[in-house]
Structures are given as structure tokens and as C-alpha cells.
file run_3.tsv (TSV, C-alpha atoms)
chain	number	residue	atom	x	y	z
E	630	MET	CA	-13.43	6.11	-1.23
E	631	LEU	CA	-10.77	7.30	-3.66
E	632	GLU	CA	-11.33	8.89	-7.04
E	633	LEU	CA	-8.90	10.14	-9.65
E	634	LYS	CA	-10.28	12.58	-12.22
E	635	GLN	CA	-8.25	13.25	-15.38
E	636	VAL	CA	-4.99	12.98	-13.44
E	637	SER	CA	-1.74	13.73	-15.25
E	638	LYS	CA	1.79	13.97	-13.89
E	639	THR	CA	4.70	15.49	-15.79
E	640	TYR	CA	8.29	15.58	-14.56
E	641	ARG	CA	10.94	17.99	-15.80
E	642	VAL	CA	14.05	16.03	-16.86
E	643	GLY	CA	16.82	18.36	-17.99
E	644	ASN	CA	15.27	20.60	-20.63
E	645	GLN	CA	12.45	18.20	-21.46
E	646	ASP	CA	9.08	17.33	-19.93
E	647	PHE	CA	8.47	13.65	-19.22
E	648	PRO	CA	4.77	12.65	-18.97
E	649	ALA	CA	4.60	9.92	-16.31
E	650	LEU	CA	0.77	9.78	-16.22
E	651	LYS	CA	-1.75	10.88	-18.84
E	652	ASN	CA	-5.37	11.69	-18.00
E	653	ILE	CA	-6.00	8.84	-15.55
E	654	SER	CA	-9.58	8.49	-14.29
E	655	LEU	CA	-10.26	5.71	-11.77
E	656	THR	CA	-12.45	4.95	-8.78
E	657	ILE	CA	-11.15	2.82	-5.90
E	658	GLU	CA	-13.93	1.35	-3.78
E	659	GLU	CA	-13.87	0.45	-0.11
E	660	ASN	CA	-12.55	-3.08	0.56
E	661	ALA	CA	-10.90	-3.21	-2.89
E	662	PHE	CA	-8.18	-5.81	-3.47
E	663	MET	CA	-6.58	-4.78	-6.74
E	664	SER	CA	-3.34	-4.17	-8.59
E	665	PHE	CA	-1.73	-1.83	-11.07
E	666	VAL	CA	0.40	-3.84	-13.50
E	667	GLY	CA	2.65	-2.85	-16.37
E	668	PRO	CA	6.29	-2.62	-17.42
E	669	SER	CA	8.88	-0.54	-15.63
E	670	GLY	CA	8.26	3.13	-16.33
E	671	SER	CA	4.55	2.69	-17.02
E	672	GLY	CA	3.56	4.96	-14.12
E	673	LYS	CA	2.55	2.45	-11.42
E	674	THR	CA	4.60	3.87	-8.56
E	675	THR	CA	3.80	7.44	-9.55
E	676	LEU	CA	0.12	6.60	-9.39
E	677	LEU	CA	0.47	5.08	-5.91
E	678	ASN	CA	2.36	8.16	-4.73
E	679	LEU	CA	-0.45	10.43	-5.92
E	680	MET	CA	-3.08	8.24	-4.27
E	681	GLY	CA	-1.16	8.33	-1.00
E	682	GLY	CA	-0.60	12.08	-1.01
E	683	LEU	CA	3.17	11.64	-1.37
E	684	ASP	CA	3.15	13.60	-4.63
E	685	ARG	CA	0.81	16.01	-6.40
E	686	PRO	CA	-0.63	15.74	-9.91
E	687	THR	CA	0.35	18.26	-12.55
E	688	SER	CA	-3.32	18.44	-13.46
E	689	GLY	CA	-6.53	16.71	-12.43
E	690	GLN	CA	-7.99	15.81	-9.04
E	691	VAL	CA	-7.30	13.12	-6.43
E	692	LEU	CA	-10.27	12.82	-4.07
E	693	PHE	CA	-10.02	10.88	-0.79
E	694	ASP	CA	-13.45	10.60	0.84
E	695	GLY	CA	-14.39	13.66	-1.18
E	696	ALA	CA	-11.43	15.76	0.00
E	697	GLN	CA	-9.08	17.08	-2.69
E	698	LEU	CA	-5.57	15.87	-1.86
E	699	GLU	CA	-3.93	18.10	-4.46
E	700	SER	CA	-5.33	21.19	-2.70
E	701	MET	CA	-4.03	20.27	0.76
E	702	ASN	CA	-0.86	21.63	2.33
E	703	ARG	CA	1.91	19.33	3.59
E	704	SER	CA	0.58	19.25	7.15
E	705	GLU	CA	-2.92	18.32	6.02
E	706	LEU	CA	-1.60	15.58	3.74
E	707	ALA	CA	0.54	14.19	6.58
E	708	GLN	CA	-2.54	14.03	8.77
E	709	ILE	CA	-4.48	12.08	6.12
E	710	ARG	CA	-1.60	9.62	5.80
E	711	LYS	CA	-1.19	9.22	9.55
E	712	GLN	CA	-4.85	8.45	10.12
E	713	HIS	CA	-6.16	6.76	7.00
E	714	ILE	CA	-3.42	5.37	4.70
E	715	GLY	CA	-0.97	2.53	5.27
E	716	PHE	CA	2.12	1.95	3.12
E	717	ILE	CA	4.00	-1.26	2.32
E	718	PHE	CA	7.26	-0.63	0.51
E	719	GLN	CA	9.36	-3.02	-1.57
E	720	SER	CA	12.36	-2.37	0.70
E	721	HIS	CA	10.21	-2.65	3.86
E	722	ASN	CA	11.57	0.65	5.32
E	723	LEU	CA	11.55	-0.80	8.83
E	724	LEU	CA	13.34	1.11	11.57
E	725	PRO	CA	16.52	-0.97	12.06
E	726	VAL	CA	17.13	-0.11	15.71
E	727	TYR	CA	13.57	-1.05	16.73
E	728	SER	CA	12.14	-4.49	17.39
E	729	VAL	CA	9.20	-6.03	15.51
E	730	TYR	CA	6.91	-4.90	18.32
E	731	GLU	CA	8.29	-1.34	18.28
E	732	ASN	CA	8.07	-1.04	14.48
E	733	VAL	CA	4.39	-2.00	14.56
E	734	LEU	CA	3.72	0.26	17.55
E	735	PHE	CA	5.36	3.32	15.99
E	736	PRO	CA	2.40	4.55	13.85
E	737	LEU	CA	0.17	4.55	16.95
E	738	LEU	CA	2.69	6.67	18.84
E	739	LEU	CA	2.64	9.14	15.95
E	740	ASN	CA	-1.12	9.32	16.44
E	741	HIS	CA	-0.55	10.09	20.16
E	742	LEU	CA	-1.76	6.74	21.51
E	743	LYS	CA	0.10	5.70	24.66
E	744	GLU	CA	1.99	2.40	24.60
E	745	GLN	CA	0.15	0.97	27.60
E	746	ASP	CA	-3.12	1.52	25.72
E	747	ALA	CA	-1.80	-0.01	22.50
E	748	ARG	CA	0.27	-3.02	23.58
E	749	GLU	CA	-2.56	-5.56	23.41
E	750	ARG	CA	-3.63	-4.27	19.98
E	751	VAL	CA	-0.07	-4.42	18.66
E	752	MET	CA	0.58	-7.93	19.95
E	753	ALA	CA	-2.73	-9.18	18.53
E	754	LEU	CA	-1.70	-8.01	15.06
E	755	VAL	CA	1.85	-9.34	15.46
E	756	GLU	CA	0.25	-12.69	16.26
E	757	LYS	CA	-2.07	-12.34	13.25
E	758	VAL	CA	0.94	-12.08	10.91
E	759	GLY	CA	2.64	-15.02	12.63
E	760	LEU	CA	5.52	-13.21	14.35
E	761	THR	CA	4.79	-13.58	18.08
E	762	GLU	CA	8.05	-15.45	18.67
E	763	GLN	CA	9.97	-12.74	16.78
E	764	ALA	CA	8.30	-9.77	18.54
E	765	ASN	CA	11.51	-8.69	20.29
E	766	LYS	CA	13.83	-9.26	17.33
E	767	LYS	CA	15.17	-6.48	15.14
E	768	PRO	CA	14.84	-6.43	11.31
E	769	ALA	CA	18.43	-7.63	10.77
E	770	GLU	CA	17.52	-10.85	12.57
E	771	LEU	CA	14.54	-11.60	10.29
E	772	SER	CA	14.12	-13.13	6.83
E	773	GLY	CA	12.81	-11.09	3.91
E	774	GLY	CA	9.37	-12.65	4.22
E	775	GLN	CA	9.25	-11.91	7.94
E	776	CYS	CA	10.25	-8.27	7.34
E	777	GLN	CA	7.45	-7.96	4.82
E	778	ARG	CA	4.98	-9.31	7.39
E	779	VAL	CA	6.19	-6.68	9.87
E	780	ALA	CA	5.60	-4.03	7.20
E	781	ILE	CA	2.07	-5.34	6.64
E	782	ALA	CA	1.30	-5.25	10.37
E	783	ARG	CA	2.72	-1.72	10.62
E	784	ALA	CA	0.53	-0.59	7.72
E	785	LEU	CA	-2.61	-2.07	9.29
E	786	ILE	CA	-2.12	-1.21	12.97
E	787	LYS	CA	-3.83	2.19	12.71
E	788	ARG	CA	-6.80	0.51	10.94
E	789	PRO	CA	-6.49	2.55	7.73
E	790	LYS	CA	-9.09	2.84	5.02
E	791	LEU	CA	-6.45	2.30	2.32
E	792	VAL	CA	-3.22	0.27	2.10
E	793	LEU	CA	-0.84	1.02	-0.77
E	794	ALA	CA	1.76	-1.66	-1.54
E	795	ASP	CA	4.59	-0.97	-4.00
E	796	GLU	CA	5.95	-4.26	-5.40
E	797	PRO	CA	5.27	-6.16	-2.14
E	798	THR	CA	6.53	-9.53	-3.47
E	799	ALA	CA	9.44	-8.32	-5.62
E	800	ASN	CA	12.20	-9.54	-3.29
E	801	LEU	CA	10.49	-12.76	-2.17
E	802	ASP	CA	10.69	-16.32	-3.46
E	803	THR	CA	7.56	-18.05	-4.76
E	804	GLU	CA	6.61	-19.70	-1.46
E	805	ASN	CA	6.92	-16.49	0.55
E	806	SER	CA	5.16	-14.50	-2.17
E	807	PHE	CA	2.11	-16.73	-1.92
E	808	ARG	CA	2.17	-16.57	1.88
E	809	ILE	CA	2.31	-12.76	1.83
E	810	LEU	CA	-0.49	-12.50	-0.74
E	811	GLU	CA	-2.69	-14.94	1.17
E	812	LEU	CA	-2.03	-13.00	4.37
E	813	MET	CA	-2.95	-9.67	2.78
E	814	GLN	CA	-6.07	-11.22	1.24
E	815	ASP	CA	-7.15	-12.51	4.68
E	816	LEU	CA	-6.43	-9.17	6.34
E	817	ASN	CA	-8.33	-7.34	3.61
E	818	GLU	CA	-11.38	-9.43	4.47
E	819	GLN	CA	-10.94	-9.17	8.24
E	820	TYR	CA	-10.05	-5.48	8.57
E	821	GLY	CA	-11.91	-4.05	5.57
E	822	ALA	CA	-9.04	-1.88	4.35
E	823	ALA	CA	-8.73	-1.47	0.60
E	824	PHE	CA	-5.45	-2.94	-0.74
E	825	VAL	CA	-3.91	-1.51	-3.92
E	826	PHE	CA	-0.67	-2.96	-5.32
E	827	SER	CA	1.75	-1.93	-7.99
E	828	THR	CA	3.49	-5.00	-9.33
E	829	HIS	CA	5.38	-6.77	-12.10
E	830	ASP	CA	4.54	-10.11	-10.46
E	831	GLN	CA	2.01	-12.13	-12.43
E	832	ARG	CA	1.42	-14.32	-9.36
E	833	VAL	CA	-0.52	-11.42	-7.84
E	834	THR	CA	-3.24	-11.85	-10.49
E	835	GLN	CA	-4.35	-15.08	-8.82
E	836	PHE	CA	-5.35	-13.16	-5.70
E	837	ILE	CA	-6.69	-9.76	-6.73
E	838	ASN	CA	-10.25	-8.95	-7.74
E	839	ARG	CA	-9.39	-6.18	-10.19
E	840	GLU	CA	-6.43	-5.41	-12.42
E	841	VAL	CA	-5.57	-2.11	-14.08
E	842	ARG	CA	-2.82	-2.28	-16.71
E	843	LEU	CA	-0.75	0.81	-17.40
E	844	GLU	CA	1.47	1.45	-20.40
E	845	ASP	CA	3.30	4.69	-21.10
E	846	GLY	CA	1.39	6.45	-18.34
E	847	ALA	CA	-2.10	5.59	-19.63
E	848	VAL	CA	-4.68	2.95	-18.71
E	849	LEU	CA	-4.59	0.13	-21.26
E	850	TRP	CA	-7.32	-1.90	-19.53
E	851	ASP	CA	-9.32	-2.04	-16.32
E	852	LYS	CA	-10.66	-5.55	-15.65
E	853	ALA	CA	-12.54	-7.15	-12.75
E	854	LYS	CA	-12.87	-10.85	-12.02
E	855	ASN	CA	-16.12	-12.55	-12.95
E	856	GLY	CA	-17.84	-15.39	-11.10
E	857	ASN	CA	-15.37	-17.87	-12.62
E	858	GLY	CA	-12.38	-15.95	-11.29
E	859	GLU	CA	-11.41	-14.65	-14.74
E	860	LEU	CA	-10.55	-11.03	-15.52
E	861	GLU	CA	-12.90	-9.43	-18.01
call {"tool": "encode", "arguments": {"input": "run_3.tsv", "output": "C-alpha cells"}}
result
Amino acid sequence: MLELKQVSKTYRVGNQDFPALKNISLTIEENAFMSFVGPSGSGKTTLLNLMGGLDRPTSGQVLFDGAQLESMNRSELAQIRKQHIGFIFQSHNLLPVYSVYENVLFPLLLNHLKEQDARERVMALVEKVGLTEQANKKPAELSGGQCQRVAIARALIKRPKLVLADEPTANLDTENSFRILELMQDLNEQYGAAFVFSTHDQRVTQFINREVRLEDGAVLWDKAKNGNGELE
């Protein structure tokens, strides 16, 4: 579904070039449930941004269903994101003046689906993430874990092929972290979207099927779980 070929990203900082990613080659399969791990500054978020068409590589190719993201213009990239890619941000990025229901509905409105045709679909997913009773509440009235569940529902409502989650458990306590990870694991199985995380959280390792460790912008290892649930 997604392939990175010799991808590098260099940022200009003052009078110096800073290499954020160095010759990354990876394949992300459909239905993946995986994470990028590594210390701060290792390139995790940069890699997610390239995969989601939010940034462009300095060199190399990013292929989404065979289409070269780095060759697309801004309008074409926006269309790919609207139709096929969901995002879950560490800070949720919910629209504060909208209710839970309206936040989840919003991506469908961007794709020109009328509310009367989408209401049942939205409420079914709101129920799936356990927020039916909070459907008319605004983000300020919710806990951090509830806001993250809204963000997950919003990412999934358009039935994307890929969901990118940047530090999805960073601001949650242990109990809510496990609930969010279990929920995303269930939704991965039910909806078939590939989930890719960037994380510092070692608790995520218990749930994912593949782990890619980055250090200094390069892949240190790429491990998948064996039949015993161990990375190798």
C-alpha cells in the first residue's frame, strides 16, 4: 500500500543542513498495525509527515498505491489525504466549538457527503468508541482519553486505507493508554485500515505486530512479532 524508497529529508537550520532522515526504505502493508520508536529527534514524526503527504522528501520516493506523493501538487495531496488517510495527533486537534458528533462528521462534509446521509454512520462509530452519551458535548467537557477516542473516530469515519498516529498515548495515564490501544487494535481488525504510530511509549509494543526503531534519522532495526508474540 505504501512504499518508501531511499527517502531522505534535510532541513536548513540557520547556515547548516540538518539531516532528519537518511535513506529510509520501508514497505507498509495493508492492515498493518505497527510503530516507529526511537528517542526524540530520531525522525519519527518527520517520517509520518512524509507518509501522510504533509511534507516532501529531499530525495527518494514515497509511493501510495503506486502514486508518487512527492510529485503531486498541493491540491492532489489534499485529495489523497481527504479520501484515504486519517490522522490522530498527540494534541487531538479537535474543533473546540463543535460537538463530538460534529467533529466526527466534519471529514465527511469535506468529502461532500450530506449530513442526513451520514448521521447513522457517524453515530455508529461514536458508539463504537464508547461516546454515545457524550455525542453532544464539546471537547472542553471531555477527558483526555475521551478526546483521543473522538480523534480516532474522526480519523476512521471516512474509512481510510491508512491511519497515522503521532504519539497517541503521550498525554494519557496507563489505564487510558491501554484502553486506547485496545480500541485501535479492535478497529484495525474491524475496518481493515493500516495503523502506523510514532511513539516513545513502550506500552505500545505489547499491541503492535511490527516495530521499526529509528536513531539519528536511520533505521536501526525492523522487527515483526513471531508466533510467540516476540519481536524478531
call {"tool": "atom_distance", "arguments": {"input": "run_3.tsv", "atom1": "atom CA of Gln763 of chain E", "atom2": "atom CA of Arg748 of chain E"}}
result
15.3 Å
call {"tool": "atom_distance", "arguments": {"input": "run_3.tsv", "atom1": "atom CA of Ser700 of chain E", "atom2": "atom CA of Lys787 of chain E"}}
result
24.5 Å
call {"tool": "closest_residue", "arguments": {"input": "run_3.tsv", "among": "E:Gly643, E:Gly682, E:Pro768, E:Gly695", "to": "Thr656 of chain E", "atoms": "all atoms listed in the file"}}
result
E:Gly695
call {"tool": "residues_around", "arguments": {"input": "run_3.tsv", "residues": "segment 847-853 of chain E", "least_positions_apart": "4", "cutoff": "9 Å", "atoms": "only C-alpha atoms", "output": "list in words"}}
result
Ala649, Leu650, Lys651, Asn652, Ile653, Ser654, Met663, Ser671, Gly672, Ile837, Asn838, Arg839, Glu840, Val841, Arg842, Leu843, Gly858, Glu859, Leu860 and Glu861 of chain E
call {"tool": "write_last_selection", "arguments": {"input": "run_3.tsv", "atoms": "C-alpha atoms", "output": "compact mmCIF listing (two decimals), in the coordinates of the input"}}
result
# COMPACT_ATOMS: atom_id res chain seq x y z
CA ALA E 649 4.60 9.92 -16.31
CA LEU E 650 0.77 9.78 -16.22
CA LYS E 651 -1.75 10.88 -18.84
CA ASN E 652 -5.37 11.69 -18.00
CA ILE E 653 -6.00 8.84 -15.55
CA SER E 654 -9.58 8.49 -14.29
CA MET E 663 -6.58 -4.78 -6.74
CA SER E 671 4.55 2.69 -17.02
CA GLY E 672 3.56 4.96 -14.12
CA ILE E 837 -6.69 -9.76 -6.73
CA ASN E 838 -10.25 -8.95 -7.74
CA ARG E 839 -9.39 -6.18 -10.19
CA GLU E 840 -6.43 -5.41 -12.42
CA VAL E 841 -5.57 -2.11 -14.08
CA ARG E 842 -2.82 -2.28 -16.71
CA LEU E 843 -0.75 0.81 -17.40
CA GLY E 858 -12.38 -15.95 -11.29
CA GLU E 859 -11.41 -14.65 -14.74
CA LEU E 860 -10.55 -11.03 -15.52
CA GLU E 861 -12.90 -9.43 -18.01
call {"tool": "residues_around", "arguments": {"input": "run_3.tsv", "residues": "His721 of chain E", "least_positions_apart": "5", "cutoff": "10 Å", "atoms": "only C-alpha atoms", "output": "PyMOL selection string"}}
result
chain E and resi 716+768+773+776-781+795+797
call {"tool": "closest_residue", "arguments": {"input": "run_3.tsv", "among": "E:Ser728, E:Ile657, E:Thr639, E:Arg832", "to": "Asn805 of chain E", "atoms": "all atoms listed in the file"}}
result
E:Arg832
call {"tool": "residues_around", "arguments": {"input": "run_3.tsv", "residues": "Leu679 of chain E", "least_positions_apart": "5", "cutoff": "12 Å", "atoms": "all atoms listed in the file", "output": "PyMOL selection string"}}
result
chain E and resi 631-634+636-638+649-650+653+672-674+684-693+697-699+706+710+793
call {"tool": "closest_residue", "arguments": {"input": "run_3.tsv", "among": "E:Ile786, E:Leu655, E:Lys854, E:Pro725", "to": "Ala753 of chain E", "atoms": "all atoms listed in the file"}}
result
E:Ile786
call {"tool": "closest_residue", "arguments": {"input": "run_3.tsv", "among": "E:Val833, E:Leu683, E:Ala822, E:Leu734", "to": "Glu658 of chain E", "atoms": "only C-alpha atoms"}}
result
E:Ala822
call {"tool": "atom_distance", "arguments": {"input": "run_3.tsv", "atom1": "atom CA of Gln775 of chain E", "atom2": "atom CA of Leu816 of chain E"}}
result
16.0 Å
call {"tool": "closest_residue", "arguments": {"input": "run_3.tsv", "among": "E:Leu742, E:Leu801, E:Val642, E:Ala782", "to": "Gln712 of chain E", "atoms": "all atoms listed in the file"}}
result
E:Leu742
call {"tool": "closest_residue", "arguments": {"input": "run_3.tsv", "among": "E:Gln819, E:Ser827, E:Gln719, E:Gln645", "to": "Lys757 of chain E", "atoms": "only C-alpha atoms"}}
result
E:Gln819
call {"tool": "residues_around", "arguments": {"input": "run_3.tsv", "residues": "Gly821 of chain E", "least_positions_apart": "3", "cutoff": "12 Å", "atoms": "all atoms listed in the file", "output": "list in words"}}
result
Glu658, Glu659, Asn660, Ala661, Phe662, Leu785, Arg788, Pro789, Lys790, Leu791, Val792, Met813, Gln814, Asp815, Leu816, Asn817, Glu818 and Phe824 of chain E
call {"tool": "residues_near_point", "arguments": {"input": "run_3.tsv", "point": "(14.8, -2.1, 9.8)", "cutoff": "7 Å", "atoms": "all atoms listed in the file", "output": "JSON list (two decimals) with C-alpha atoms, in the coordinates of the input"}}
result
[["chain", "number", "residue", "atom", "x", "y", "z"],
["E", 722, "ASN", "CA", 11.57, 0.65, 5.32],
["E", 723, "LEU", "CA", 11.55, -0.80, 8.83],
["E", 724, "LEU", "CA", 13.34, 1.11, 11.57],
["E", 725, "PRO", "CA", 16.52, -0.97, 12.06],
["E", 726, "VAL", "CA", 17.13, -0.11, 15.71],
["E", 767, "LYS", "CA", 15.17, -6.48, 15.14],
["E", 768, "PRO", "CA", 14.84, -6.43, 11.31],
["E", 769, "ALA", "CA", 18.43, -7.63, 10.77]]
call {"tool": "build_atoms", "arguments": {"input": "run_3.tsv", "residues": "segment 710-721 of chain E", "atoms": "all heavy atoms", "output": "mmCIF file, keeping the file's coordinate frame"}}
result
data_model
loop_
_atom_site.group_PDB
_atom_site.id
_atom_site.type_symbol
_atom_site.label_atom_id
_atom_site.label_comp_id
_atom_site.auth_asym_id
_atom_site.auth_seq_id
_atom_site.Cartn_x
_atom_site.Cartn_y
_atom_site.Cartn_z
ATOM 1 N N ARG E 710 -2.419 10.838 5.840
ATOM 2 C CA ARG E 710 -1.600 9.620 5.800
ATOM 3 C C ARG E 710 -1.515 8.974 7.176
ATOM 4 O O ARG E 710 -1.611 7.754 7.301
ATOM 5 C CB ARG E 710 -0.194 9.939 5.265
ATOM 6 C CG ARG E 710 -0.152 10.309 3.794
ATOM 7 C CD ARG E 710 1.271 10.289 3.264
ATOM 8 N NE ARG E 710 2.107 11.275 3.914
ATOM 9 C CZ ARG E 710 2.296 12.517 3.475
ATOM 10 N NH1 ARG E 710 1.686 12.928 2.376
ATOM 11 N NH2 ARG E 710 3.086 13.355 4.120
ATOM 12 N N LYS E 711 -1.324 9.769 8.202
ATOM 13 C CA LYS E 711 -1.190 9.220 9.550
ATOM 14 C C LYS E 711 -2.445 8.470 9.994
ATOM 15 O O LYS E 711 -2.376 7.446 10.660
ATOM 16 C CB LYS E 711 -0.889 10.338 10.552
ATOM 17 C CG LYS E 711 0.554 10.789 10.586
ATOM 18 C CD LYS E 711 0.908 11.484 11.887
ATOM 19 C CE LYS E 711 0.027 12.655 12.202
ATOM 20 N NZ LYS E 711 0.433 13.315 13.473
ATOM 21 N N GLN E 712 -3.597 8.998 9.617
ATOM 22 C CA GLN E 712 -4.850 8.450 10.120
ATOM 23 C C GLN E 712 -5.476 7.396 9.213
ATOM 24 O O GLN E 712 -6.101 6.458 9.705
ATOM 25 C CB GLN E 712 -5.858 9.588 10.333
ATOM 26 C CG GLN E 712 -5.472 10.557 11.434
ATOM 27 C CD GLN E 712 -6.509 11.642 11.649
ATOM 28 O OE1 GLN E 712 -7.447 11.798 10.867
ATOM 29 N NE2 GLN E 712 -6.350 12.415 12.703
ATOM 30 N N HIS E 713 -5.316 7.545 7.900
ATOM 31 C CA HIS E 713 -6.160 6.760 7.000
ATOM 32 C C HIS E 713 -5.437 5.905 5.964
ATOM 33 O O HIS E 713 -6.073 5.086 5.302
ATOM 34 C CB HIS E 713 -7.113 7.696 6.244
ATOM 35 C CG HIS E 713 -8.012 8.504 7.135
ATOM 36 N ND1 HIS E 713 -8.854 7.908 8.047
ATOM 37 C CD2 HIS E 713 -8.181 9.846 7.265
ATOM 38 C CE1 HIS E 713 -9.534 8.854 8.693
ATOM 39 N NE2 HIS E 713 -9.137 10.023 8.252
ATOM 40 N N ILE E 714 -4.119 6.068 5.784
ATOM 41 C CA ILE E 714 -3.420 5.370 4.700
ATOM 42 C C ILE E 714 -2.214 4.621 5.251
ATOM 43 O O ILE E 714 -1.395 5.193 5.968
ATOM 44 C CB ILE E 714 -2.971 6.353 3.592
ATOM 45 C CG1 ILE E 714 -4.167 7.142 3.042
ATOM 46 C CG2 ILE E 714 -2.287 5.588 2.455
ATOM 47 C CD1 ILE E 714 -3.801 8.195 2.027
ATOM 48 N N GLY E 715 -2.123 3.340 4.907
ATOM 49 C CA GLY E 715 -0.970 2.530 5.270
ATOM 50 C C GLY E 715 -0.113 2.264 4.039
ATOM 51 O O GLY E 715 -0.640 2.135 2.930
ATOM 52 N N PHE E 716 1.196 2.175 4.226
ATOM 53 C CA PHE E 716 2.120 1.950 3.120
ATOM 54 C C PHE E 716 2.951 0.694 3.357
ATOM 55 O O PHE E 716 3.432 0.453 4.464
ATOM 56 C CB PHE E 716 3.072 3.149 2.957
ATOM 57 C CG PHE E 716 2.392 4.435 2.572
ATOM 58 C CD1 PHE E 716 1.934 5.308 3.545
ATOM 59 C CD2 PHE E 716 2.200 4.766 1.241
ATOM 60 C CE1 PHE E 716 1.297 6.498 3.208
ATOM 61 C CE2 PHE E 716 1.571 5.948 0.886
ATOM 62 C CZ PHE E 716 1.119 6.815 1.870
ATOM 63 N N ILE E 717 3.108 -0.104 2.298
ATOM 64 C CA ILE E 717 4.000 -1.260 2.320
ATOM 65 C C ILE E 717 4.981 -1.084 1.173
ATOM 66 O O ILE E 717 4.591 -1.070 0.007
ATOM 67 C CB ILE E 717 3.227 -2.579 2.151
ATOM 68 C CG1 ILE E 717 2.169 -2.728 3.256
ATOM 69 C CG2 ILE E 717 4.181 -3.763 2.179
ATOM 70 C CD1 ILE E 717 1.217 -3.886 3.031
ATOM 71 N N PHE E 718 6.250 -0.928 1.513
ATOM 72 C CA PHE E 718 7.260 -0.630 0.510
ATOM 73 C C PHE E 718 8.042 -1.887 0.130
ATOM 74 O O PHE E 718 8.190 -2.803 0.940
ATOM 75 C CB PHE E 718 8.231 0.443 1.015
ATOM 76 C CG PHE E 718 7.572 1.748 1.367
ATOM 77 C CD1 PHE E 718 7.250 2.043 2.676
ATOM 78 C CD2 PHE E 718 7.273 2.679 0.389
ATOM 79 C CE1 PHE E 718 6.640 3.244 3.015
ATOM 80 C CE2 PHE E 718 6.662 3.875 0.707
ATOM 81 C CZ PHE E 718 6.345 4.164 2.028
ATOM 82 N N GLN E 719 8.576 -1.887 -1.084
ATOM 83 C CA GLN E 719 9.360 -3.020 -1.570
ATOM 84 C C GLN E 719 10.556 -3.288 -0.665
ATOM 85 O O GLN E 719 10.906 -4.434 -0.397
ATOM 86 C CB GLN E 719 9.830 -2.730 -2.998
ATOM 87 C CG GLN E 719 10.675 -3.812 -3.617
ATOM 88 C CD GLN E 719 11.095 -3.472 -5.044
ATOM 89 O OE1 GLN E 719 10.501 -2.609 -5.681
ATOM 90 N NE2 GLN E 719 12.108 -4.128 -5.534
ATOM 91 N N SER E 720 11.173 -2.231 -0.152
ATOM 92 C CA SER E 720 12.360 -2.370 0.700
ATOM 93 C C SER E 720 12.012 -2.390 2.185
ATOM 94 O O SER E 720 12.890 -2.231 3.024
ATOM 95 C CB SER E 720 13.337 -1.226 0.409
ATOM 96 O OG SER E 720 12.697 0.031 0.598
ATOM 97 N N HIS E 721 10.739 -2.553 2.495
ATOM 98 C CA HIS E 721 10.210 -2.650 3.860
ATOM 99 C C HIS E 721 10.240 -1.335 4.625
ATOM 100 O O HIS E 721 9.286 -0.971 5.289
ATOM 101 C CB HIS E 721 10.932 -3.725 4.685
ATOM 102 C CG HIS E 721 11.176 -5.009 3.982
ATOM 103 N ND1 HIS E 721 10.166 -5.700 3.322
ATOM 104 C CD2 HIS E 721 12.300 -5.738 3.811
ATOM 105 C CE1 HIS E 721 10.670 -6.797 2.795
ATOM 106 N NE2 HIS E 721 11.960 -6.844 3.065
#
